[in-house]
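Data block for run-v1.cif (mmCIF, C-alpha atoms):
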data_my_file
#
loop_
_atom_site.label_atom_id
_atom_site.label_comp_id
_atom_site.auth_asym_id
_atom_site.auth_seq_id
_atom_site.Cartn_x
_atom_site.Cartn_y
_atom_site.Cartn_z
CA MET A 106 125.39 101.15 98.79
CA SER A 107 122.96 102.39 101.42
CA ILE A 108 122.65 106.01 100.36
CA PHE A 109 119.36 106.67 98.54
CA SER A 110 118.40 103.08 99.29
CA ALA A 111 114.69 103.66 98.61
CA ILE A 112 115.61 104.49 95.01
CA ASN A 113 117.89 101.44 94.88
CA ALA A 114 115.08 99.12 95.97
CA SER A 115 112.65 100.63 93.47
CA GLY A 116 115.33 100.37 90.78
CA THR A 117 115.54 96.63 91.34
CA GLY A 118 111.75 96.50 91.02
CA LEU A 119 111.91 98.35 87.70
CA SER A 120 114.58 96.00 86.29
CA THR A 121 112.77 92.89 87.43
CA MET A 122 109.42 94.04 86.05
CA ARG A 123 111.07 94.99 82.77
CA SER A 124 112.60 91.51 82.52
CA TRP A 125 109.19 90.03 83.22
CA LEU A 126 107.58 92.17 80.53
CA ASP A 127 110.22 91.03 78.02
CA VAL A 128 109.65 87.37 78.85
CA LEU A 129 105.88 87.70 78.65
CA ALA A 130 106.00 89.59 75.36
CA ASN A 131 108.21 86.88 73.89
CA ASN A 132 105.88 84.11 75.11
CA ILE A 133 102.85 85.84 73.60
CA ALA A 134 104.64 86.43 70.30
CA LYS A 135 105.53 82.72 70.08
CA VAL A 136 102.15 81.32 71.08
CA ASN A 137 101.46 79.89 67.62
CA THR A 138 104.94 78.52 66.93
CA VAL A 139 104.62 75.12 65.29
CA LYS A 140 107.33 72.48 65.85
CA PRO A 141 107.54 68.88 64.61
CA THR A 142 106.83 66.05 67.04
CA SER A 143 110.37 64.77 66.56
CA GLY A 144 111.73 67.60 68.67
CA ALA A 145 110.66 69.76 71.59
CA ALA A 146 107.89 72.34 71.42
CA PHE A 147 108.70 76.00 71.82
CA GLN A 148 109.12 76.42 75.57
CA ALA A 149 107.70 79.48 77.24
CA SER A 150 109.94 81.19 79.82
CA TYR A 151 109.04 81.94 83.41
CA LEU A 152 110.88 84.11 85.89
CA GLU A 153 111.52 83.14 89.46
CA VAL A 154 112.00 86.17 91.70
CA SER A 155 112.85 86.60 95.35
CA GLU A 156 113.45 89.44 97.79
CA ILE A 157 116.99 90.79 98.21
CA PRO A 158 117.66 90.89 101.95
CA GLU A 159 119.47 93.97 103.21
CA ASP A 160 121.56 93.85 106.36
CA GLY A 161 121.58 96.89 108.62
CA ASN A 162 118.55 99.06 108.02
CA GLY A 163 115.91 96.36 108.41
CA SER A 164 114.23 97.68 105.30
CA GLY A 165 115.04 95.09 102.64
CA GLY A 166 117.00 95.60 99.42
CA GLY A 167 114.39 95.10 96.71
CA VAL A 168 113.81 92.15 94.39
CA GLU A 169 115.87 90.13 91.93
CA VAL A 170 115.41 87.43 89.33
CA THR A 171 116.81 84.18 90.70
CA ALA A 172 116.05 81.79 87.85
CA LEU A 173 114.69 81.55 84.34
CA ARG A 174 112.64 78.41 83.93
CA LYS A 175 111.24 76.87 80.79
CA SER A 176 107.83 75.30 80.37
CA ASP A 177 107.01 71.76 79.40
CA PRO A 178 108.98 70.68 76.27
CA ASN A 179 106.19 68.32 75.25
CA GLY A 180 103.89 71.21 74.50
CA ARG A 181 100.43 70.46 73.20
CA LEU A 182 100.00 67.80 70.56
CA THR A 183 97.68 69.30 67.98
CA TYR A 184 96.18 67.75 64.90
CA MET A 185 97.28 69.90 61.92
CA PRO A 186 97.64 67.61 58.91
CA ASN A 187 98.14 70.46 56.44
CA SER A 188 101.22 71.80 58.21
CA PRO A 189 104.53 71.12 56.46
CA LEU A 190 105.97 70.05 59.83
CA ALA A 191 103.24 67.50 60.59
CA ASP A 192 104.38 63.96 61.33
CA ALA A 193 102.97 60.78 59.80
CA ASN A 194 99.76 61.04 61.87
CA GLY A 195 99.28 64.75 61.13
CA TYR A 196 100.35 66.02 64.57
CA VAL A 197 102.57 68.94 65.46
CA ARG A 198 103.65 70.40 68.75
CA LEU A 199 102.34 73.80 69.83
CA PRO A 200 103.78 75.55 72.90
CA ASP A 201 102.16 75.04 76.27
CA ILE A 202 101.19 78.69 76.64
CA ASP A 203 97.89 79.91 78.05
CA MET A 204 97.25 83.20 76.33
CA GLY A 205 94.88 84.41 79.02
CA GLU A 206 97.43 83.77 81.74
CA GLN A 207 100.17 85.55 79.79
CA MET A 208 97.97 88.60 79.14
CA GLY A 209 96.91 88.74 82.79
CA ASN A 210 100.56 88.62 83.85
CA LEU A 211 101.38 91.34 81.33
CA ILE A 212 98.88 93.66 82.98
CA MET A 213 100.25 92.86 86.45
CA ALA A 214 103.83 93.44 85.32
CA GLN A 215 102.93 96.78 83.80
CA ARG A 216 101.09 97.87 86.96
CA ALA A 217 104.03 96.85 89.14
CA PHE A 218 106.46 98.68 86.85
CA GLN A 219 104.43 101.90 87.12
CA ALA A 220 104.13 101.56 90.90
CA ASN A 221 107.91 101.29 91.22
CA ALA A 222 108.43 104.27 88.93
CA ALA A 223 106.09 106.32 91.15
CA VAL A 224 108.13 105.34 94.22
CA VAL A 225 111.34 106.57 92.58
CA ASP A 226 109.62 109.90 91.98
CA ARG A 227 108.40 110.26 95.58
CA ALA A 228 111.71 109.13 97.06
CA ARG A 229 113.57 111.66 94.93
CA THR A 230 111.37 114.44 96.37
CA VAL A 231 112.17 113.30 99.90
CA TYR A 232 115.91 113.22 99.24
CA GLU A 233 115.77 116.65 97.61
CA ASP A 234 113.97 118.04 100.66
CA ALA A 235 116.71 116.62 102.86
CA ILE A 236 119.38 118.18 100.68
CA ASN A 237 117.64 121.57 100.89
CA ILE A 238 117.49 121.77 104.67
CA GLY A 239 119.14 125.01 105.74
CA LYS A 240 119.83 126.15 102.18
CA ASN A 241 117.88 129.41 102.12
CA ARG A 242 119.08 131.30 105.12
CA MET B 57 123.25 123.79 119.46
CA LEU B 58 119.68 122.87 118.77
CA ASP B 59 119.08 120.26 121.45
CA ASP B 60 115.71 121.64 122.52
CA ILE B 61 112.75 119.27 122.53
CA ALA B 62 111.24 120.46 119.23
CA SER B 63 114.49 120.12 117.27
CA VAL B 64 115.30 116.65 118.58
CA THR B 65 111.72 115.56 117.90
CA LEU B 66 111.98 116.85 114.34
CA SER B 67 115.23 115.05 113.58
CA THR B 68 114.01 111.82 115.20
CA ALA B 69 110.83 111.98 113.12
CA LEU B 70 112.81 112.69 109.94
CA SER B 71 114.90 109.56 110.45
CA ALA B 72 111.79 107.47 111.15
CA LEU B 73 110.00 108.81 108.06
CA ALA B 74 113.05 108.05 105.91
CA GLN B 75 112.96 104.46 107.12
CA ARG B 76 109.24 104.27 106.46
CA GLN B 77 109.88 105.26 102.88
CA ARG B 78 112.65 102.65 102.48
CA VAL B 79 110.37 99.91 103.81
CA SER B 80 107.52 101.01 101.56
CA ALA B 81 109.85 101.07 98.53
CA ASN B 82 110.91 97.51 99.30
CA ASN B 83 107.28 96.40 99.64
CA ILE B 84 106.40 97.86 96.25
CA ALA B 85 109.52 96.40 94.61
CA ASN B 86 108.33 92.99 95.84
CA LEU B 87 104.74 93.50 94.66
CA GLU B 88 104.79 90.25 92.67
CA THR B 89 107.29 88.20 94.67
CA PRO B 90 105.72 84.90 95.81
CA ASP B 91 105.39 84.38 99.57
CA PHE B 92 106.64 87.88 100.31
CA SER B 93 105.40 89.42 103.58
CA ALA B 94 105.01 93.22 103.64
CA SER B 95 106.34 95.27 106.56
CA ALA B 96 105.39 98.64 108.04
CA VAL B 97 107.23 101.17 110.19
CA SER B 98 105.63 102.63 113.29
CA PHE B 99 107.05 105.31 115.53
CA GLU B 100 104.37 107.95 116.21
CA ASP B 101 103.05 106.48 119.47
CA SER B 102 106.53 105.91 120.82
CA LEU B 103 107.57 109.42 119.83
CA ARG B 104 104.52 110.96 121.48
CA ALA B 105 105.28 109.13 124.73
CA ALA B 106 108.96 110.02 124.54
CA VAL B 107 108.15 113.72 124.06
CA ALA B 108 105.76 113.62 127.01
CA ALA B 109 108.54 112.09 129.06
CA GLY B 110 110.88 114.91 127.99
CA ASN B 111 113.32 112.78 125.95
CA PRO B 112 112.33 112.58 122.29
CA ALA B 113 115.56 110.83 121.26
CA SER B 114 114.47 107.73 123.18
CA ALA B 115 111.58 107.05 120.80
CA GLN B 116 111.64 103.56 119.23
CA VAL B 117 111.21 103.02 115.52
CA THR B 118 109.83 99.51 114.94
CA VAL B 119 109.40 97.54 111.72
CA ASN B 120 106.65 94.93 111.90
CA PRO B 121 104.87 92.69 109.39
CA THR B 122 101.60 94.24 108.24
CA GLY B 123 99.66 91.04 108.80
CA GLU B 124 97.55 91.60 105.68
CA THR B 125 95.88 88.57 104.09
CA PRO B 126 98.08 87.02 101.39
CA GLY B 127 96.86 86.57 97.83
CA ILE B 128 97.08 83.56 95.58
CA ASN B 129 100.88 83.41 95.37
CA GLY B 130 101.42 84.08 99.08
CA ASN B 131 102.23 87.75 98.52
CA ASN B 132 100.40 90.19 100.83
CA VAL B 133 101.49 93.60 99.55
CA ASP B 134 98.52 95.96 99.27
CA LEU B 135 99.55 98.43 96.58
CA ASP B 136 96.88 100.99 97.47
CA THR B 137 97.88 101.10 101.14
CA GLU B 138 101.56 101.33 100.24
CA THR B 139 100.94 104.13 97.75
CA ILE B 140 98.91 106.19 100.23
CA THR B 141 101.49 105.61 102.96
CA ASP B 142 104.31 106.65 100.65
CA GLU B 143 102.52 109.81 99.51
CA LYS B 144 101.82 110.81 103.11
CA THR B 145 105.39 110.05 104.12
CA GLN B 146 106.73 112.26 101.37
CA LEU B 147 104.50 115.16 102.39
CA GLN B 148 105.28 114.78 106.08
CA TYR B 149 108.99 114.72 105.31
CA SER B 150 108.65 117.96 103.32
CA LEU B 151 106.77 119.55 106.20
CA LEU B 152 109.28 118.54 108.86
CA SER B 153 112.38 119.39 106.84
CA GLY B 154 110.82 122.82 106.21
CA ALA B 155 110.22 123.17 109.94
CA MET B 156 113.86 122.29 110.60
CA SER B 157 115.01 124.94 108.13
CA ALA B 158 112.72 127.50 109.74
CA LYS B 159 114.29 126.88 113.14
CA PHE B 160 117.72 127.37 111.61
CA SER B 161 116.62 130.68 110.06
CA LEU B 162 115.43 131.88 113.46
CA ILE B 163 118.83 131.26 114.97
CA ASP B 164 120.43 132.91 111.98
CA THR B 165 118.30 136.00 112.53
CA VAL B 166 119.31 136.16 116.17
CA ILE B 167 123.00 135.86 115.32
CA LYS B 168 122.98 138.42 112.57
CA GLY B 169 120.55 140.83 114.16
CA MET C 230 150.45 154.01 132.47
CA THR C 231 151.82 150.83 130.99
CA ILE C 232 149.82 149.16 128.24
CA PRO C 233 149.19 145.56 129.28
CA ALA C 234 150.78 142.83 127.13
CA ILE C 235 148.50 140.97 124.76
CA GLY C 236 148.75 137.79 126.84
CA ALA C 237 147.33 139.50 129.92
CA ILE C 238 144.26 140.95 128.23
CA SER C 239 141.88 138.84 130.27
CA ALA C 240 143.41 140.14 133.47
CA ALA C 241 143.10 143.73 132.20
CA LEU C 242 139.36 143.41 131.61
CA PRO C 243 137.98 142.18 134.92
CA THR C 244 134.79 144.20 134.69
CA LEU C 245 133.84 143.18 131.16
CA PRO C 246 130.16 142.20 131.46
CA THR C 247 129.42 138.52 130.75
CA GLN C 248 127.71 137.79 127.41
CA PRO C 249 123.99 137.30 127.91
CA ALA C 250 122.85 133.81 126.87
CA LEU C 251 120.93 133.70 123.57
CA SER C 252 117.26 132.73 123.85
CA THR C 253 117.72 129.64 121.61
CA GLY C 254 118.17 126.49 123.63
CA GLY C 255 121.60 124.93 123.52
CA ALA C 256 123.28 128.06 122.30
CA ASP C 257 124.86 128.22 125.71
CA ALA C 258 127.19 125.46 124.62
CA ALA C 259 128.55 127.71 121.89
CA THR C 260 128.93 130.82 124.02
CA GLY C 261 130.09 128.93 127.09
CA ALA C 262 128.24 131.56 129.07
CA SER C 263 128.26 130.62 132.71
CA ALA C 264 127.53 133.56 134.93
CA GLY C 265 130.84 135.24 135.78
CA GLY C 266 132.94 133.30 133.20
CA ASP C 267 135.68 135.49 131.77
CA PHE C 268 135.98 136.41 128.12
CA ALA C 269 138.95 134.16 127.28
CA SER C 270 137.36 130.96 128.55
CA MET C 271 134.10 131.85 126.85
CA LEU C 272 135.88 132.23 123.56
CA ALA C 273 137.76 128.96 124.08
CA LYS C 274 134.55 127.07 124.73
CA GLY C 275 132.97 128.69 121.71
CA LEU C 276 135.87 127.64 119.50
CA ASN C 277 135.68 124.06 120.80
CA ALA C 278 132.01 123.92 119.93
CA VAL C 279 132.82 125.26 116.48
CA GLN C 280 135.52 122.62 115.94
CA SER C 281 133.35 119.69 117.05
CA ALA C 282 130.39 120.87 114.97
CA GLN C 283 132.63 121.20 111.89
CA ASP C 284 134.21 117.79 112.53
CA LYS C 285 130.80 116.17 112.79
CA ALA C 286 129.70 117.78 109.53
CA ASP C 287 132.96 116.69 107.84
CA THR C 288 132.56 113.08 108.97
CA LEU C 289 129.03 112.94 107.60
CA ALA C 290 130.15 114.60 104.37
CA VAL C 291 132.73 111.83 103.89
CA GLN C 292 130.03 109.23 104.48
CA ALA C 293 127.84 110.94 101.90
CA ALA C 294 130.74 110.89 99.42
CA THR C 295 131.47 107.17 99.90
CA GLY C 296 127.79 106.31 99.69
CA ASP C 297 127.51 105.11 103.30
CA LEU C 298 125.13 107.81 104.51
CA THR C 299 121.68 106.37 105.11
CA ASP C 300 119.83 109.51 106.22
CA ILE C 301 120.63 112.55 104.08
CA HIS C 302 119.12 114.95 106.59
CA ASP C 303 121.77 113.97 109.16
CA TYR C 304 124.42 115.60 107.00
CA THR C 305 122.46 118.74 106.03
CA ILE C 306 121.37 119.34 109.61
CA ALA C 307 124.94 118.94 110.88
CA ALA C 308 126.27 121.19 108.11
CA THR C 309 123.75 123.92 108.91
CA GLN C 310 124.52 123.68 112.61
CA ALA C 311 128.25 123.93 111.94
CA SER C 312 127.63 127.01 109.82
CA LEU C 313 125.48 128.64 112.51
CA VAL C 314 127.93 127.86 115.31
CA THR C 315 130.75 129.37 113.25
CA GLU C 316 128.69 132.49 112.59
CA LEU C 317 127.90 132.76 116.28
CA ALA C 318 131.52 132.44 117.33
CA THR C 319 132.48 135.04 114.73
CA ALA C 320 129.81 137.42 115.99
CA ILE C 321 131.03 136.99 119.56
CA ARG C 322 134.61 137.63 118.48
CA THR C 323 133.59 140.74 116.57
CA LYS C 324 131.51 142.12 119.43
CA GLY C 325 134.29 141.34 121.88
CA ILE C 326 136.85 143.17 119.75
CA ASP C 327 134.49 146.12 119.38
CA ALA C 328 134.00 146.26 123.14
CA PHE C 329 137.74 146.03 123.72
CA ASN C 330 138.42 148.80 121.24
CA GLN C 331 135.80 150.97 122.90
CA ILE C 332 137.40 150.45 126.27
CA MET C 333 140.89 151.04 124.90
CA GLY C 334 139.59 154.26 123.38
CA MET C 335 138.32 155.37 126.77
CA GLN C 336 141.68 154.81 128.44
CA ALA C 337 143.48 157.33 126.25
#
Just dump the structure as structure tokens.
Amino acid sequence: MSIFSAINASGTGLSTMRSWLDVLANNIAKVNTVKPTSGAAFQASYLEVSEIPEDGNGSGGGVEVTALRKSDPNGRLTYMPNSPLADANGYVRLPDIDMGEQMGNLIMAQRAFQANAAVVDRARTVYEDAINIGKNR
Amino acid sequence: MLDDIASVTLSTALSALAQRQRVSANNIANLETPDFSASAVSFEDSLRAAVAAGNPASAQVTVNPTGETPGINGNNVDLDTETITDEKTQLQYSLLSGAMSAKFSLIDTVIKG
Amino acid sequence: MTIPAIGAISAALPTLPTQPALSTGGADAATGASAGGDFASMLAKGLNAVQSAQDKADTLAVQAATGDLTDIHDYTIAATQASLVTELATAIRTKGIDAFNQIMGMQA
């Protein structure tokens, strides 16, 4: 649909950023998840995004999530002999999550979400002005 | 009706501003997309020349890459520039659509008067 | 004196002054005012302009309804123009009828 396409594009930005926020929040919540060495570690999720091309206007159709990838299943081998899940040598697997990176991404995702919300607001004003041309004669 | 230079200039500019806003919205939606290259709409110079030549409808609206330096993930969207551009576009659009309505009221006055 | 049939009205009003062109550019298309044009052809041109302006507005309205309209202002500008052209044609018709009635009154 090419009517109100500025709002469409920003809408895709809002959905994508919201998905990113959900993924990041989940990664951060699971950063201390302990798993035994017999299985895989908790794997953090990462989003792959790409631009949606739009034919016709030359203005592009926004952004979409193209893939959900998982991080390294080996995780980080950590020495925790007191854990009930520790193996014979006292090791467990912790997820391969860098808290600093996740928090930095969280801030970027929030900023991008707000920027897209502001665009929706401005675009709505423009479309309303167009609708009001010639109304008060 | 309404094919004088000012009216055609106004409607040409309105279309160009609407495209500028679409392009800016797409840039901001792709703020975090890796290897994304931002674009910008330009039309003012072409419109000025077309008006001087007496044919505003012949103005060209062009969409070009901004050429800004990319960041770490190859994305070169400058959020501050895009925000300012979008704010200005919105205000200009309000101004020009108001001007269009004013021209219509003038004609209305002449008809009804 | 015989009263002319309705169909020959334009022949009965040879000295009706031509409508002066409005000062707004392009309004000539609606009035069809070429110097010396008679009232019937002026009205016909005016009605054609009304029909094409309304058709253009209708086409854009359909595009807006199906979600294919990219620039909203195209529709609102066309709709306002159609409205103005219709008003103009109506005003011309009214003034023309008034003038005719005045002249008919004089002939009594």
Of the candidates A:Gln207, A:Asn241, A:Ser150, A:Asn187, which one gets nearest to chain B if we count all atoms listed in the file?
-> A:Asn241
Mind dumping a table of every chain A residue within 10 Å of chain C, with the nearest atom pair and its distance in Å to one decimal, using all atoms listed in the file, sorted by chain and rising number, as JSON lines?
{"residue": "A:Met106", "atom": "CA", "partner": "C:Gly296", "partner_atom": "CA", "distance": 5.8}
{"residue": "A:Ser107", "atom": "CA", "partner": "C:Thr299", "partner_atom": "CA", "distance": 5.6}
{"residue": "A:Ile108", "atom": "CA", "partner": "C:Thr299", "partner_atom": "CA", "distance": 4.9}
{"residue": "A:Phe109", "atom": "CA", "partner": "C:Thr299", "partner_atom": "CA", "distance": 7.0}
{"residue": "A:Ser110", "atom": "CA", "partner": "C:Thr299", "partner_atom": "CA", "distance": 7.4}
{"residue": "A:Ala111", "atom": "CA", "partner": "C:Thr299", "partner_atom": "CA", "distance": 9.9}
{"residue": "A:Asn162", "atom": "CA", "partner": "C:Thr299", "partner_atom": "CA", "distance": 8.5}
{"residue": "A:Val231", "atom": "CA", "partner": "C:Ile301", "partner_atom": "CA", "distance": 9.5}
{"residue": "A:Tyr232", "atom": "CA", "partner": "C:Ile301", "partner_atom": "CA", "distance": 6.8}
{"residue": "A:Glu233", "atom": "CA", "partner": "C:Ile301", "partner_atom": "CA", "distance": 9.1}
{"residue": "A:Asp234", "atom": "CA", "partner": "C:His302", "partner_atom": "CA", "distance": 8.4}
{"residue": "A:Ala235", "atom": "CA", "partner": "C:His302", "partner_atom": "CA", "distance": 4.7}
{"residue": "A:Ile236", "atom": "CA", "partner": "C:Thr305", "partner_atom": "CA", "distance": 6.2}
{"residue": "A:Asn237", "atom": "CA", "partner": "C:Thr305", "partner_atom": "CA", "distance": 7.6}
{"residue": "A:Ile238", "atom": "CA", "partner": "C:Thr305", "partner_atom": "CA", "distance": 6.0}
{"residue": "A:Gly239", "atom": "CA", "partner": "C:Thr309", "partner_atom": "CA", "distance": 5.7}
{"residue": "A:Lys240", "atom": "CA", "partner": "C:Thr309", "partner_atom": "CA", "distance": 8.1}
{"residue": "A:Arg242", "atom": "CA", "partner": "C:Thr309", "partner_atom": "CA", "distance": 9.5}
Distance query Thr125 in chain B at most 12 Å, all atoms listed in the file, self and fewer than 4 positions along chain excluded, as a PyMOL selection string | chain B and resi 91-94+121+129-134
Enclosing box along x, y and z for every listed atom of range 76-92 of chain B, padded 4 Å each side, centre and size in Å, one decimal, as lines of an AutoDock Vina configuration file:
center_x = 108.7
center_y = 94.8
center_z = 99.6
size_x = 15.9
size_y = 28.9
size_z = 21.8
Proximal residues of chain B relative to chain A (only C-alpha atoms; 7 Å) as a ChimeraX atom specification = /B:77-79,81-82,84-87,89,146,149-150,153-154,156-157,160-161
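Interatomic distance, CA of Leu162 in chain B to CA of Ala69 in chain B: 20.4 Å.
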Neighbours of Ala106 in chain B within 12 Å (all atoms listed in the file; same-chain residues fewer than 3 positions away dropped), as a PyMOL selection string?
-> chain B and resi 61-62+64-65+68-69+99-103+109-117
Extract, using all atoms listed in the file, all DNA, RNA and protein residues at most 12 Å from range 131-133 of chain A, discarding same-chain residues fewer than 6 positions from it, and format them as a VMD selection string.
-> chain A and resid 124 to 125 147 to 152 175 to 176 200 to 211
Selection result of the PyMOL selection byres ((chain B) within 6 of (chain C)) on this file, as a ChimeraX atom specification | /B:57-60,167
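Straight-line separation from CA of Lys159 in chain B to CA of Leu70 in chain B: 14.6 Å.
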May I ask for the distance between CA of Val291 in chain C and CA of Ala72 in chain B, given in Å to one decimal place?
-> 22.6 Å
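Across A:Ser188, A:Gly180, A:Arg123, A:Gly195, the tightest approach to Val136 in chain A is made by A:Gly180 when counting all atoms listed in the file.
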Given the file shown, determine the residues that the PyMOL selection byres ((chain A and resi 198) around 12) selects; report them as a VMD selection string.
-> chain A and resid 136 to 148 177 to 186 188 190 to 192 195 to 197 199 to 202
So, counting all atoms listed in the file, which residue among A:Ile212, A:Thr171, A:Gln219, A:Asp226 is closest to Leu129 in chain A?
-> A:Ile212
As a PDB file, keeping the file's coordinate frame, could you write out range 211-219 of chain A once it has been completed with all heavy atoms?
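Generated output (out38.pdb):
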ATOM      1  N   LEU A 211     100.877  90.132  81.971  1.00  0.00           N
ATOM      2  CA  LEU A 211     101.380  91.340  81.330  1.00  0.00           C
ATOM      3  C   LEU A 211     100.821  92.576  82.009  1.00  0.00           C
ATOM      4  O   LEU A 211     101.517  93.550  82.270  1.00  0.00           O
ATOM      5  CB  LEU A 211     100.990  91.307  79.847  1.00  0.00           C
ATOM      6  CG  LEU A 211     101.732  92.253  78.900  1.00  0.00           C
ATOM      7  CD1 LEU A 211     103.187  91.855  78.810  1.00  0.00           C
ATOM      8  CD2 LEU A 211     101.094  92.198  77.525  1.00  0.00           C
ATOM      9  N   ILE A 212      99.513  92.529  82.317  1.00  0.00           N
ATOM     10  CA  ILE A 212      98.880  93.660  82.980  1.00  0.00           C
ATOM     11  C   ILE A 212      99.464  93.856  84.383  1.00  0.00           C
ATOM     12  O   ILE A 212      99.741  94.976  84.814  1.00  0.00           O
ATOM     13  CB  ILE A 212      97.352  93.457  83.048  1.00  0.00           C
ATOM     14  CG1 ILE A 212      96.770  93.494  81.634  1.00  0.00           C
ATOM     15  CG2 ILE A 212      96.698  94.517  83.925  1.00  0.00           C
ATOM     16  CD1 ILE A 212      95.334  93.097  81.558  1.00  0.00           C
ATOM     17  N   MET A 213      99.688  92.751  85.096  1.00  0.00           N
ATOM     18  CA  MET A 213     100.250  92.860  86.450  1.00  0.00           C
ATOM     19  C   MET A 213     101.665  93.425  86.402  1.00  0.00           C
ATOM     20  O   MET A 213     102.055  94.252  87.236  1.00  0.00           O
ATOM     21  CB  MET A 213     100.261  91.489  87.126  1.00  0.00           C
ATOM     22  CG  MET A 213      98.878  90.989  87.480  1.00  0.00           C
ATOM     23  SD  MET A 213      98.913  89.769  88.799  1.00  0.00           S
ATOM     24  CE  MET A 213      99.800  88.452  87.998  1.00  0.00           C
ATOM     25  N   ALA A 214     102.452  92.962  85.423  1.00  0.00           N
ATOM     26  CA  ALA A 214     103.830  93.440  85.320  1.00  0.00           C
ATOM     27  C   ALA A 214     103.860  94.932  85.016  1.00  0.00           C
ATOM     28  O   ALA A 214     104.663  95.683  85.580  1.00  0.00           O
ATOM     29  CB  ALA A 214     104.578  92.669  84.237  1.00  0.00           C
ATOM     30  N   GLN A 215     102.953  95.366  84.142  1.00  0.00           N
ATOM     31  CA  GLN A 215     102.930  96.780  83.800  1.00  0.00           C
ATOM     32  C   GLN A 215     102.537  97.616  85.020  1.00  0.00           C
ATOM     33  O   GLN A 215     103.118  98.666  85.298  1.00  0.00           O
ATOM     34  CB  GLN A 215     101.946  97.008  82.659  1.00  0.00           C
ATOM     35  CG  GLN A 215     102.015  98.400  82.103  1.00  0.00           C
ATOM     36  CD  GLN A 215     100.841  98.733  81.216  1.00  0.00           C
ATOM     37  OE1 GLN A 215      99.830  98.031  81.224  1.00  0.00           O
ATOM     38  NE2 GLN A 215     100.959  99.795  80.474  1.00  0.00           N
ATOM     39  N   ARG A 216     101.519  97.150  85.764  1.00  0.00           N
ATOM     40  CA  ARG A 216     101.090  97.870  86.960  1.00  0.00           C
ATOM     41  C   ARG A 216     102.226  97.970  87.973  1.00  0.00           C
ATOM     42  O   ARG A 216     102.474  99.019  88.572  1.00  0.00           O
ATOM     43  CB  ARG A 216      99.886  97.152  87.575  1.00  0.00           C
ATOM     44  CG  ARG A 216      99.376  97.762  88.862  1.00  0.00           C
ATOM     45  CD  ARG A 216      98.344  96.882  89.505  1.00  0.00           C
ATOM     46  NE  ARG A 216      98.942  95.685  90.068  1.00  0.00           N
ATOM     47  CZ  ARG A 216      98.610  95.149  91.231  1.00  0.00           C
ATOM     48  NH1 ARG A 216      97.691  95.722  91.961  1.00  0.00           N
ATOM     49  NH2 ARG A 216      99.188  94.043  91.663  1.00  0.00           N
ATOM     50  N   ALA A 217     102.937  96.856  88.170  1.00  0.00           N
ATOM     51  CA  ALA A 217     104.030  96.850  89.140  1.00  0.00           C
ATOM     52  C   ALA A 217     105.150  97.784  88.692  1.00  0.00           C
ATOM     53  O   ALA A 217     105.756  98.487  89.502  1.00  0.00           O
ATOM     54  CB  ALA A 217     104.556  95.433  89.323  1.00  0.00           C
ATOM     55  N   PHE A 218     105.424  97.793  87.367  1.00  0.00           N
ATOM     56  CA  PHE A 218     106.460  98.680  86.850  1.00  0.00           C
ATOM     57  C   PHE A 218     106.105 100.139  87.156  1.00  0.00           C
ATOM     58  O   PHE A 218     106.937 100.916  87.634  1.00  0.00           O
ATOM     59  CB  PHE A 218     106.614  98.471  85.346  1.00  0.00           C
ATOM     60  CG  PHE A 218     107.740  99.243  84.738  1.00  0.00           C
ATOM     61  CD1 PHE A 218     108.998  98.675  84.630  1.00  0.00           C
ATOM     62  CD2 PHE A 218     107.562 100.540  84.289  1.00  0.00           C
ATOM     63  CE1 PHE A 218     110.049  99.383  84.077  1.00  0.00           C
ATOM     64  CE2 PHE A 218     108.605 101.251  83.741  1.00  0.00           C
ATOM     65  CZ  PHE A 218     109.852 100.673  83.631  1.00  0.00           C
ATOM     66  N   GLN A 219     104.848 100.514  86.890  1.00  0.00           N
ATOM     67  CA  GLN A 219     104.430 101.900  87.120  1.00  0.00           C
ATOM     68  C   GLN A 219     104.479 102.253  88.607  1.00  0.00           C
ATOM     69  O   GLN A 219     104.848 103.369  88.974  1.00  0.00           O
ATOM     70  CB  GLN A 219     103.017 102.118  86.576  1.00  0.00           C
ATOM     71  CG  GLN A 219     103.000 102.196  85.067  1.00  0.00           C
ATOM     72  CD  GLN A 219     101.609 102.129  84.489  1.00  0.00           C
ATOM     73  OE1 GLN A 219     100.666 101.711  85.167  1.00  0.00           O
ATOM     74  NE2 GLN A 219     101.470 102.534  83.238  1.00  0.00           N
TER      75      GLN A 219
END
